[in-house]
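Raw structure_13.cif, mmCIF, C-alpha atoms:
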data_start
#
loop_
_atom_site.group_PDB
_atom_site.id
_atom_site.type_symbol
_atom_site.label_atom_id
_atom_site.label_comp_id
_atom_site.auth_asym_id
_atom_site.auth_seq_id
_atom_site.Cartn_x
_atom_site.Cartn_y
_atom_site.Cartn_z
ATOM 1 C CA MET A 6 -25.762 -54.617 13.557
ATOM 2 C CA ALA A 7 -22.298 -53.128 13.520
ATOM 3 C CA GLU A 8 -21.548 -49.720 14.900
ATOM 4 C CA LEU A 9 -23.118 -46.775 13.112
ATOM 5 C CA GLN A 10 -20.887 -44.111 11.660
ATOM 6 C CA ILE A 11 -22.255 -40.970 13.294
ATOM 7 C CA THR A 12 -21.912 -37.796 11.250
ATOM 8 C CA LYS A 13 -23.258 -34.283 11.522
ATOM 9 C CA GLY A 14 -25.792 -35.327 8.891
ATOM 10 C CA ASN A 15 -27.301 -38.270 10.801
ATOM 11 C CA PHE A 16 -26.632 -37.161 14.401
ATOM 12 C CA GLU A 17 -30.114 -35.810 15.075
ATOM 13 C CA GLN A 18 -31.900 -38.867 13.664
ATOM 14 C CA GLU A 19 -29.582 -41.558 15.055
ATOM 15 C CA VAL A 20 -28.705 -40.013 18.431
ATOM 16 C CA LEU A 21 -31.062 -37.243 19.521
ATOM 17 C CA LYS A 22 -34.222 -39.006 18.304
ATOM 18 C CA SER A 23 -33.140 -42.530 19.284
ATOM 19 C CA ASP A 24 -35.626 -44.532 21.334
ATOM 20 C CA LYS A 25 -32.703 -46.477 22.868
ATOM 21 C CA PRO A 26 -29.661 -45.276 24.799
ATOM 22 C CA VAL A 27 -26.764 -44.443 22.472
ATOM 23 C CA LEU A 28 -23.107 -45.201 23.200
ATOM 24 C CA ILE A 29 -20.882 -42.922 21.125
ATOM 25 C CA ASP A 30 -17.196 -43.682 20.664
ATOM 26 C CA PHE A 31 -15.190 -40.586 19.679
ATOM 27 C CA TRP A 32 -12.033 -41.884 18.007
ATOM 28 C CA ALA A 33 -9.382 -41.302 15.332
ATOM 29 C CA PRO A 34 -7.521 -43.772 13.078
ATOM 30 C CA TRP A 35 -4.100 -42.598 14.351
ATOM 31 C CA CYS A 36 -5.021 -43.106 18.031
ATOM 32 C CA GLY A 37 -3.486 -46.283 19.507
ATOM 33 C CA PRO A 38 -5.840 -46.532 22.520
ATOM 34 C CA CYS A 39 -8.806 -45.998 20.167
ATOM 35 C CA ARG A 40 -7.702 -48.981 18.094
ATOM 36 C CA MET A 41 -7.316 -51.048 21.279
ATOM 37 C CA LEU A 42 -10.869 -50.163 22.339
ATOM 38 C CA SER A 43 -12.426 -50.743 18.922
ATOM 39 C CA PRO A 44 -12.957 -54.548 19.187
ATOM 40 C CA THR A 45 -14.660 -54.081 22.577
ATOM 41 C CA ILE A 46 -17.012 -51.461 21.120
ATOM 42 C CA ALA A 47 -17.795 -53.792 18.195
ATOM 43 C CA GLU A 48 -18.607 -56.619 20.650
ATOM 44 C CA ILE A 49 -20.924 -54.395 22.660
ATOM 45 C CA ALA A 50 -22.642 -53.244 19.441
ATOM 46 C CA GLU A 51 -23.254 -56.856 18.416
ATOM 47 C CA GLU A 52 -24.271 -58.240 21.812
ATOM 48 C CA SER A 53 -26.434 -55.308 22.961
ATOM 49 C CA LYS A 54 -28.085 -54.351 19.664
ATOM 50 C CA ASP A 55 -31.607 -54.830 21.063
ATOM 51 C CA LYS A 56 -30.970 -52.567 24.054
ATOM 52 C CA VAL A 57 -28.495 -49.933 22.931
ATOM 53 C CA LYS A 58 -27.372 -48.186 19.765
ATOM 54 C CA VAL A 59 -23.599 -47.918 19.291
ATOM 55 C CA GLY A 60 -22.065 -45.219 17.133
ATOM 56 C CA LYS A 61 -18.571 -44.068 16.253
ATOM 57 C CA VAL A 62 -17.494 -40.508 15.522
ATOM 58 C CA ASN A 63 -14.195 -39.982 13.714
ATOM 59 C CA VAL A 64 -13.011 -36.725 15.315
ATOM 60 C CA ASP A 65 -10.816 -35.879 12.308
ATOM 61 C CA GLU A 66 -13.783 -36.033 9.913
ATOM 62 C CA GLU A 67 -16.467 -34.693 12.273
ATOM 63 C CA SER A 68 -14.773 -31.740 13.959
ATOM 64 C CA GLU A 69 -18.114 -30.010 14.523
ATOM 65 C CA LEU A 70 -19.454 -32.926 16.597
ATOM 66 C CA ALA A 71 -16.115 -33.206 18.400
ATOM 67 C CA SER A 72 -16.265 -29.554 19.441
ATOM 68 C CA MET A 73 -19.960 -29.835 20.366
ATOM 69 C CA PHE A 74 -18.949 -32.512 22.901
ATOM 70 C CA ARG A 75 -15.767 -30.615 23.855
ATOM 71 C CA VAL A 76 -13.608 -33.611 22.977
ATOM 72 C CA SER A 77 -10.086 -32.956 24.228
ATOM 73 C CA SER A 78 -8.877 -36.545 24.721
ATOM 74 C CA ILE A 79 -9.749 -39.723 22.867
ATOM 75 C CA PRO A 80 -11.060 -42.334 23.039
ATOM 76 C CA LEU A 81 -14.051 -40.624 24.616
ATOM 77 C CA LEU A 82 -17.156 -42.682 25.300
ATOM 78 C CA VAL A 83 -20.431 -40.820 25.753
ATOM 79 C CA VAL A 84 -23.768 -42.367 26.716
ATOM 80 C CA MET A 85 -26.871 -40.439 25.682
ATOM 81 C CA LYS A 86 -30.473 -41.083 26.631
ATOM 82 C CA ASN A 87 -33.385 -38.993 25.381
ATOM 83 C CA GLY A 88 -30.978 -36.610 23.661
ATOM 84 C CA LYS A 89 -28.996 -35.853 26.842
ATOM 85 C CA VAL A 90 -25.535 -36.930 27.979
ATOM 86 C CA VAL A 91 -25.935 -39.216 30.992
ATOM 87 C CA ASN A 92 -22.412 -40.610 31.263
ATOM 88 C CA SER A 93 -18.952 -40.297 29.743
ATOM 89 C CA SER A 94 -15.420 -41.567 30.191
ATOM 90 C CA VAL A 95 -12.027 -40.966 28.604
ATOM 91 C CA GLY A 96 -9.557 -43.713 27.821
ATOM 92 C CA VAL A 97 -9.644 -47.457 27.356
ATOM 93 C CA ARG A 98 -12.086 -49.228 29.676
ATOM 94 C CA PRO A 99 -12.845 -52.925 30.151
ATOM 95 C CA LYS A 100 -16.076 -54.137 28.597
ATOM 96 C CA ASP A 101 -17.848 -54.593 31.959
ATOM 97 C CA GLN A 102 -17.154 -50.976 32.932
ATOM 98 C CA ILE A 103 -18.518 -49.731 29.614
ATOM 99 C CA LEU A 104 -21.663 -51.840 30.044
ATOM 100 C CA LYS A 105 -22.148 -50.392 33.555
ATOM 101 C CA MET A 106 -21.977 -46.874 32.057
ATOM 102 C CA ILE A 107 -24.886 -47.713 29.792
#

Let me see whether you can do it: turn the structure in this file into structure tokens.
Amino acid sequence: MAELQITKGNFEQEVLKSDKPVLIDFWAPWCGPCRMLSPTIAEIAEESKDKVKVGKVNVDEESELASMFRVSSIPLLVVMKNGKVVNSSVGVRPKDQILKMI
């Protein structure tokens, strides 16, 4: 399963009501570090699909979600469990650090 595109329309169902932890990648197409991080996020989505849900939020298209999470720098990774933020980090991180966050 590839990463989900998280939108305002599916946020409640895919994130808040998820029975698994959710890793959300807030990104934008023009953001160099976001593009660097993207293959790592895709790998995690593929390798951890049984344990964690991985979603991407394009901050340009989903400004409401971006402001809800007070996104000021991207890439921003947010881990949510049971509808609550349990971890977050800004910037490019190695895969092992991202997995530890989850």

If you apply the PyMOL selection byres ((chain A and resi 59-61) around 10) to this file, what residues do you get, as a PyMOL selection string? chain A and resi 6-12+16+19-20+25-33+43+46-47+49-51+53-54+56-58+62-64+82-84

What separates atom CA of A:Pro38 and atom CA of A:Lys22 is a distance of 29.7 Å

Which stretch 62-92 of chain A residues have any atom within 7 Å of an atom of stretch 96-103 of chain A, and for each, what is the nearest pair of atoms with distance in Å to one decimal, counting all atoms listed in the file, rows sorted by chain and number, as a Markdown table?
| residue | atom | partner | partner_atom | distance |
| --- | --- | --- | --- | --- |
| A:Ile79 | CA | A:Gly96 | CA | 6.4 |
| A:Pro80 | CA | A:Gly96 | CA | 5.2 |
| A:Leu81 | CA | A:Gly96 | CA | 6.3 |

If you count only C-alpha atoms, the residue of A:Asp24, A:Ser68, A:Met41, A:Glu52 closest to A:Leu104 turns out to be A:Glu52

Please provide the set of residues having any atom within 9 Å of A:Lys13, restricted to only C-alpha atoms, with same-chain residues fewer than 5 positions apart removed, written as number ranges by chain. A: 67, 69-70

Atom-to-atom span, atom CA of A:Glu66 and atom CA of A:Gln18, Å
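Going from atom CA of A:Glu66 over to atom CA of A:Gln18, I get 18.7 Å.
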
Could you tell me how far atom CA of A:Ser78 sits from atom CA of A:Cys39, in Å to one decimal place?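 Spanning atom CA of A:Cys39 to atom CA of A:Ser78 is a straight-line distance of 10.5 Å.
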
Set up a box along x, y and z of the file covering all listed atoms of stretch 95-104 of chain A, add 6 Å on every one of the six sides, and write the centre and edge lengths in Å to one decimal, as lines of an AutoDock Vina configuration file.
center_x = -15.6
center_y = -47.8
center_z = 30.1
size_x = 24.1
size_y = 25.6
size_z = 17.6

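Nearest residue to A:Asn87 among A:Ala71, A:Glu48, A:Glu17, A:Ser23 is A:Ser23, counting all atoms listed in the file.
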
Next on the checklist: As a check of understanding, name the residues that the PyMOL selection byres ((chain A and resi 92) around 8) selects in the supplied structure, as a list in words.
Outcome noted: Val83, Val84, Met85, Val90, Val91, Ser93, Ser94, Met106 and Ile107 of chain A
